Amino acid sequence: AVVNGGGVGGGGGSKRSKVKRAKLMPHEDALVRSGQLVDITHARSSARWLSAPPEYYSVTDGLPIDLPAGYTVVYRPMGDRECQYLLTHKALPATQPYQAIIEGETGRIYAEKYLRGHKSVDTSPTTVVEFTTPKELVDVLFKMQHKVEDGALSMGLGHKAGKGLPLFNESLQQGQTTFRLVLVKRPGGTRSEEAPLVPSLKKQLSDEGRRLLLSSIDG
């Protein structure tokens with residue numbers, strides 16, 4: 001089992017009590033109870049950190065090794081309002097001018113930077129969402145618009161980018177594209193901090209993914 005970092009004894013009691021006051025959203029609490037998210041909060045954290053069990057990525061294409069044929073994964077960091085809309089409507093709202101999705105292991109590393117404090121945006125991201133989607137759809141969205149961001153290729157769905165949001169939402173609502181929450185930062189204070197890594201995560205990343213992850217943590 002993944003062990004909560006809060007098991008460290010000694011000092012930091014006030015920080016632990018602060019973490020307890022960081023109340024989870026109802027859907028987050030339900031995912032923790034079902035085991036789909038694990039609380040990985042460490043003892044001194046002023047926020048609560050939740051993570052999905054770690055994935056194993058292929059060293060050849062940077063995709064999860066258990067991914068069905070013909071599918072890929074893309075990631076998006078999002079704030080509470082967008083996440084709630086997704087959970088309620090099984091679609092993304094047309095509220096962001098760019099609305100990036102980023103493919104593969106490097107995409108997850110890039111998306112997590114918004115929660116780890118290495119990148120910022122005015123939507124105050126709290127959640128990284130993983131979408132499992134047909135590779136054919138991502139190829140179409142890539143042709144519509146893409147750009148390089150910190151070593152990752154992002155595709156913009158918004159009205160000031162590729163305008164592919166209707167295609168992506170149609171796939172979501174038809175069940176061809178599915179999603180899950182893979183990282184949550186539920187603020188309990190104002191201090192920016194690093195997310196603790198799921199045990200053994202570094203060993204499960206490819207060499208390129210490990211390099212990108214470590215460089216993002218080291219700043």
# chains A, B, ... in the order shown; residues from 1 in each chain; ligands from 1
$ residues_around --residues "Lys135 (chain A)" --least-positions-apart "6" --cutoff "12 Å" --atoms "only C-alpha atoms" --output "MDAnalysis selection string"
chainID A and resid 63 67:74 103:104 141:142 168 171 176:177
$ residues_around --residues "region 23-27 of chain A" --least-positions-apart "2" --cutoff "10 Å" --atoms "only C-alpha atoms" --output "short mmCIF file (atom, residue, chain, number, x, y, z; two decimals) with N, CA and C atoms, in the first residue's frame"
data_model
loop_
_atom_site.label_atom_id
_atom_site.label_comp_id
_atom_site.auth_asym_id
_atom_site.auth_seq_id
_atom_site.Cartn_x
_atom_site.Cartn_y
_atom_site.Cartn_z
N VAL A 19 -3.43 20.58 7.60
CA VAL A 19 -3.79 19.68 6.52
C VAL A 19 -5.18 19.10 6.75
N LYS A 20 -5.49 18.73 7.98
CA LYS A 20 -6.79 18.15 8.28
C LYS A 20 -7.92 19.12 7.98
N ARG A 21 -7.64 20.42 8.07
CA ARG A 21 -8.68 21.40 7.80
C ARG A 21 -8.86 21.66 6.31
N ASP A 29 -13.24 13.09 -2.17
CA ASP A 29 -13.43 12.19 -1.04
C ASP A 29 -13.93 10.83 -1.51
N ALA A 30 -14.86 10.82 -2.47
CA ALA A 30 -15.40 9.57 -2.99
C ALA A 30 -14.31 8.76 -3.69
N LEU A 31 -13.42 9.43 -4.43
CA LEU A 31 -12.35 8.73 -5.14
C LEU A 31 -11.32 8.16 -4.16
N VAL A 32 -11.07 8.87 -3.06
CA VAL A 32 -10.16 8.34 -2.04
C VAL A 32 -10.78 7.11 -1.39
N ARG A 33 -12.06 7.19 -1.06
CA ARG A 33 -12.74 6.06 -0.41
C ARG A 33 -12.77 4.82 -1.30
N ALA A 47 -1.20 21.78 2.13
CA ALA A 47 -2.28 21.36 1.23
C ALA A 47 -2.39 19.85 1.31
N ARG A 48 -3.50 19.34 0.86
CA ARG A 48 -3.65 17.88 0.75
C ARG A 48 -3.39 17.47 -0.69
N TRP A 49 -2.57 16.45 -0.84
CA TRP A 49 -2.19 15.95 -2.15
C TRP A 49 -2.77 14.54 -2.34
N LEU A 50 -3.45 14.35 -3.45
CA LEU A 50 -4.02 13.05 -3.80
C LEU A 50 -3.46 12.62 -5.15
N ASP A 80 -11.02 24.21 -10.27
CA ASP A 80 -12.22 23.55 -9.75
C ASP A 80 -13.44 23.74 -10.63
N GLN A 84 -15.39 20.60 -12.20
CA GLN A 84 -16.77 20.33 -11.84
C GLN A 84 -17.66 20.24 -13.08
N LEU A 87 -17.05 16.85 -14.68
CA LEU A 87 -17.67 15.77 -13.93
C LEU A 87 -19.19 15.76 -14.11
N VAL A 184 -4.32 15.68 -7.50
CA VAL A 184 -5.14 16.75 -6.93
C VAL A 184 -4.33 17.46 -5.86
N LYS A 185 -4.36 18.78 -5.89
CA LYS A 185 -3.82 19.59 -4.80
C LYS A 185 -4.98 20.38 -4.21
N ARG A 186 -5.39 20.00 -3.00
CA ARG A 186 -6.48 20.69 -2.33
C ARG A 186 -5.89 21.66 -1.33
N PRO A 187 -5.90 22.96 -1.65
CA PRO A 187 -5.21 23.95 -0.81
C PRO A 187 -5.74 23.98 0.61
N GLY A 188 -4.78 24.11 1.56
CA GLY A 188 -5.14 24.30 2.95
C GLY A 188 -4.44 25.50 3.51
#
$ closest_residue --among "A:Ala52, A:Leu172, A:Leu157, A:Leu165" --to "Ala100 (chain A)" --atoms "only C-alpha atoms"
A:Leu157
$ atom_distance --atom1 "CA of Glu136 (chain A)" --atom2 "CA of Gln36 (chain A)"
27.7 Å
$ atom_distance --atom1 "CA of Gly164 (chain A)" --atom2 "CA of Val140 (chain A)"
8.7 Å
$ atom_distance --atom1 "CA of Pro77 (chain A)" --atom2 "CA of Gly117 (chain A)"
12.3 Å
$ closest_residue --among "A:Lys163, A:Pro93, A:Val38, A:Ile102" --to "Tyr75 (chain A)" --atoms "only C-alpha atoms"
A:Ile102
$ select_by_dssp --residues "region 29-67 of chain A" --states "strand (DSSP E or B)" --output "VMD selection string"
chain A and resid 38 to 39 47 to 51 57 64
$ residues_around --residues "Gly107 (chain A)" --least-positions-apart "6" --cutoff "10 Å" --atoms "only C-alpha atoms" --output "PyMOL selection string"
chain A and resi 62-63+73-76+101+130+149-154+209
$ closest_residue --among "A:Asn169, A:Val129, A:Pro53, A:Thr41" --to "Ile109 (chain A)" --atoms "only C-alpha atoms"
A:Val129
$ select_by_dssp --residues "region 85-185 of chain A" --states "helix (DSSP H, G or I)" --output "number ranges by chain"
A: 85-89, 104-116, 135-144, 165-173
$ closest_residue --among "A:Ala91, A:Thr106, A:Arg116, A:Lys143" --to "Pro166 (chain A)" --atoms "only C-alpha atoms"
A:Ala91
$ residues_around --residues "Val121 (chain A)" --least-positions-apart "2" --cutoff "12 Å" --atoms "only C-alpha atoms" --output "list in words"
Pro77, Met78, Gly79, Gln96, Tyr98, Gln99, Ala111, Lys113, Tyr114, Leu115, Gly117, His118, Lys119, Thr123, Ser124, Pro125 and Thr126 of chain A
$ write_last_selection --atoms "all heavy atoms" --output "short mmCIF file (atom, residue, chain, number, x, y, z; two decimals), in the first residue's frame"
data_model
loop_
_atom_site.label_atom_id
_atom_site.label_comp_id
_atom_site.auth_asym_id
_atom_site.auth_seq_id
_atom_site.Cartn_x
_atom_site.Cartn_y
_atom_site.Cartn_z
N PRO A 77 -4.27 20.24 -16.96
CA PRO A 77 -4.47 20.80 -15.62
C PRO A 77 -5.69 21.71 -15.64
O PRO A 77 -5.88 22.47 -16.59
CB PRO A 77 -3.17 21.61 -15.39
CG PRO A 77 -2.76 22.04 -16.77
CD PRO A 77 -3.23 20.96 -17.71
N MET A 78 -6.50 21.64 -14.60
CA MET A 78 -7.69 22.48 -14.60
C MET A 78 -8.07 22.93 -13.19
O MET A 78 -7.75 22.25 -12.20
CB MET A 78 -8.86 21.78 -15.28
CG MET A 78 -9.26 20.45 -14.71
SD MET A 78 -10.62 19.66 -15.67
CE MET A 78 -9.79 19.26 -17.20
N GLY A 79 -8.73 24.05 -13.11
CA GLY A 79 -9.23 24.56 -11.85
C GLY A 79 -10.53 23.88 -11.46
O GLY A 79 -11.10 23.08 -12.22
N GLN A 96 -11.99 28.62 -22.16
CA GLN A 96 -10.57 28.95 -22.23
C GLN A 96 -10.16 29.23 -23.67
O GLN A 96 -10.51 28.45 -24.57
CB GLN A 96 -9.71 27.80 -21.68
CG GLN A 96 -10.14 27.30 -20.32
CD GLN A 96 -10.05 28.39 -19.26
OE1 GLN A 96 -9.11 29.16 -19.24
NE2 GLN A 96 -11.04 28.44 -18.39
N TYR A 98 -7.23 28.97 -25.13
CA TYR A 98 -6.29 27.98 -25.68
C TYR A 98 -6.70 26.55 -25.28
O TYR A 98 -6.80 25.68 -26.11
CB TYR A 98 -4.86 28.27 -25.22
CG TYR A 98 -3.86 27.37 -25.92
CD1 TYR A 98 -3.58 27.54 -27.28
CD2 TYR A 98 -3.22 26.33 -25.24
CE1 TYR A 98 -2.69 26.70 -27.94
CE2 TYR A 98 -2.33 25.49 -25.89
CZ TYR A 98 -2.07 25.68 -27.24
OH TYR A 98 -1.20 24.83 -27.88
N GLN A 99 -6.89 26.31 -24.02
CA GLN A 99 -7.40 25.03 -23.50
C GLN A 99 -6.55 23.84 -23.99
O GLN A 99 -6.99 22.99 -24.76
CB GLN A 99 -8.86 24.84 -23.89
CG GLN A 99 -9.65 23.99 -22.90
CD GLN A 99 -11.14 24.29 -22.93
OE1 GLN A 99 -11.66 24.89 -23.86
NE2 GLN A 99 -11.85 23.90 -21.89
N ALA A 111 1.81 19.01 -17.27
CA ALA A 111 0.55 19.42 -16.62
C ALA A 111 0.73 19.56 -15.12
O ALA A 111 0.18 20.47 -14.49
CB ALA A 111 -0.55 18.40 -16.94
N LYS A 113 3.24 20.56 -13.52
CA LYS A 113 3.98 21.76 -13.15
C LYS A 113 3.06 22.86 -12.62
O LYS A 113 3.46 23.68 -11.79
CB LYS A 113 4.78 22.29 -14.34
CG LYS A 113 5.97 21.43 -14.73
CD LYS A 113 6.75 22.04 -15.89
CE LYS A 113 7.96 21.20 -16.27
NZ LYS A 113 8.73 21.82 -17.36
N TYR A 114 1.82 22.90 -13.11
CA TYR A 114 0.88 23.92 -12.67
C TYR A 114 0.45 23.71 -11.22
O TYR A 114 0.08 24.67 -10.53
CB TYR A 114 -0.34 23.94 -13.60
CG TYR A 114 -0.05 24.54 -14.95
CD1 TYR A 114 0.38 23.74 -16.00
CD2 TYR A 114 -0.18 25.90 -15.16
CE1 TYR A 114 0.65 24.29 -17.25
CE2 TYR A 114 0.10 26.47 -16.40
CZ TYR A 114 0.51 25.65 -17.44
OH TYR A 114 0.80 26.20 -18.66
N LEU A 115 0.46 22.49 -10.76
CA LEU A 115 0.13 22.22 -9.36
C LEU A 115 1.36 22.32 -8.47
O LEU A 115 1.25 22.68 -7.30
CB LEU A 115 -0.50 20.83 -9.21
CG LEU A 115 -2.01 20.73 -9.44
CD1 LEU A 115 -2.39 21.09 -10.88
CD2 LEU A 115 -2.52 19.34 -9.09
N GLY A 117 3.80 24.41 -8.76
CA GLY A 117 4.26 25.79 -8.59
C GLY A 117 5.30 26.23 -9.58
O GLY A 117 5.85 27.33 -9.45
N HIS A 118 5.59 25.43 -10.62
CA HIS A 118 6.59 25.80 -11.61
C HIS A 118 6.01 26.60 -12.78
O HIS A 118 6.74 27.20 -13.55
CB HIS A 118 7.30 24.55 -12.13
CG HIS A 118 8.10 23.85 -11.08
ND1 HIS A 118 9.32 24.28 -10.64
CD2 HIS A 118 7.82 22.73 -10.35
CE1 HIS A 118 9.78 23.46 -9.70
NE2 HIS A 118 8.88 22.53 -9.49
N LYS A 119 4.68 26.55 -12.94
CA LYS A 119 4.00 27.35 -13.95
C LYS A 119 2.71 27.86 -13.31
O LYS A 119 2.21 27.28 -12.35
CB LYS A 119 3.68 26.53 -15.20
CG LYS A 119 4.92 26.03 -15.95
CD LYS A 119 4.56 25.38 -17.26
CE LYS A 119 4.14 26.40 -18.30
NZ LYS A 119 5.27 27.25 -18.76
N THR A 123 -6.48 30.47 -13.89
CA THR A 123 -7.57 29.57 -13.51
C THR A 123 -7.27 28.79 -12.23
O THR A 123 -8.10 27.98 -11.79
CB THR A 123 -7.87 28.58 -14.65
OG1 THR A 123 -6.67 27.92 -15.04
CG2 THR A 123 -8.47 29.30 -15.85
N SER A 124 -6.10 28.99 -11.64
CA SER A 124 -5.72 28.34 -10.37
C SER A 124 -5.94 26.83 -10.39
O SER A 124 -6.78 26.29 -9.67
CB SER A 124 -6.51 28.95 -9.20
OG SER A 124 -6.30 30.34 -9.12
N PRO A 125 -5.17 26.11 -11.21
CA PRO A 125 -5.37 24.66 -11.32
C PRO A 125 -5.19 23.92 -9.99
O PRO A 125 -4.28 24.22 -9.22
CB PRO A 125 -4.30 24.23 -12.33
CG PRO A 125 -4.03 25.45 -13.14
CD PRO A 125 -4.14 26.58 -12.15
N THR A 126 -6.06 22.98 -9.75
CA THR A 126 -5.99 22.11 -8.58
C THR A 126 -5.94 20.64 -8.96
O THR A 126 -5.68 19.79 -8.10
CB THR A 126 -7.23 22.30 -7.68
OG1 THR A 126 -8.40 21.97 -8.45
CG2 THR A 126 -7.34 23.74 -7.19
#
$ residues_around --residues "Gly162 (chain A)" --least-positions-apart "5" --cutoff "6 Å" --atoms "only C-alpha atoms" --output "number ranges by chain"
A: 144-145, 156-157
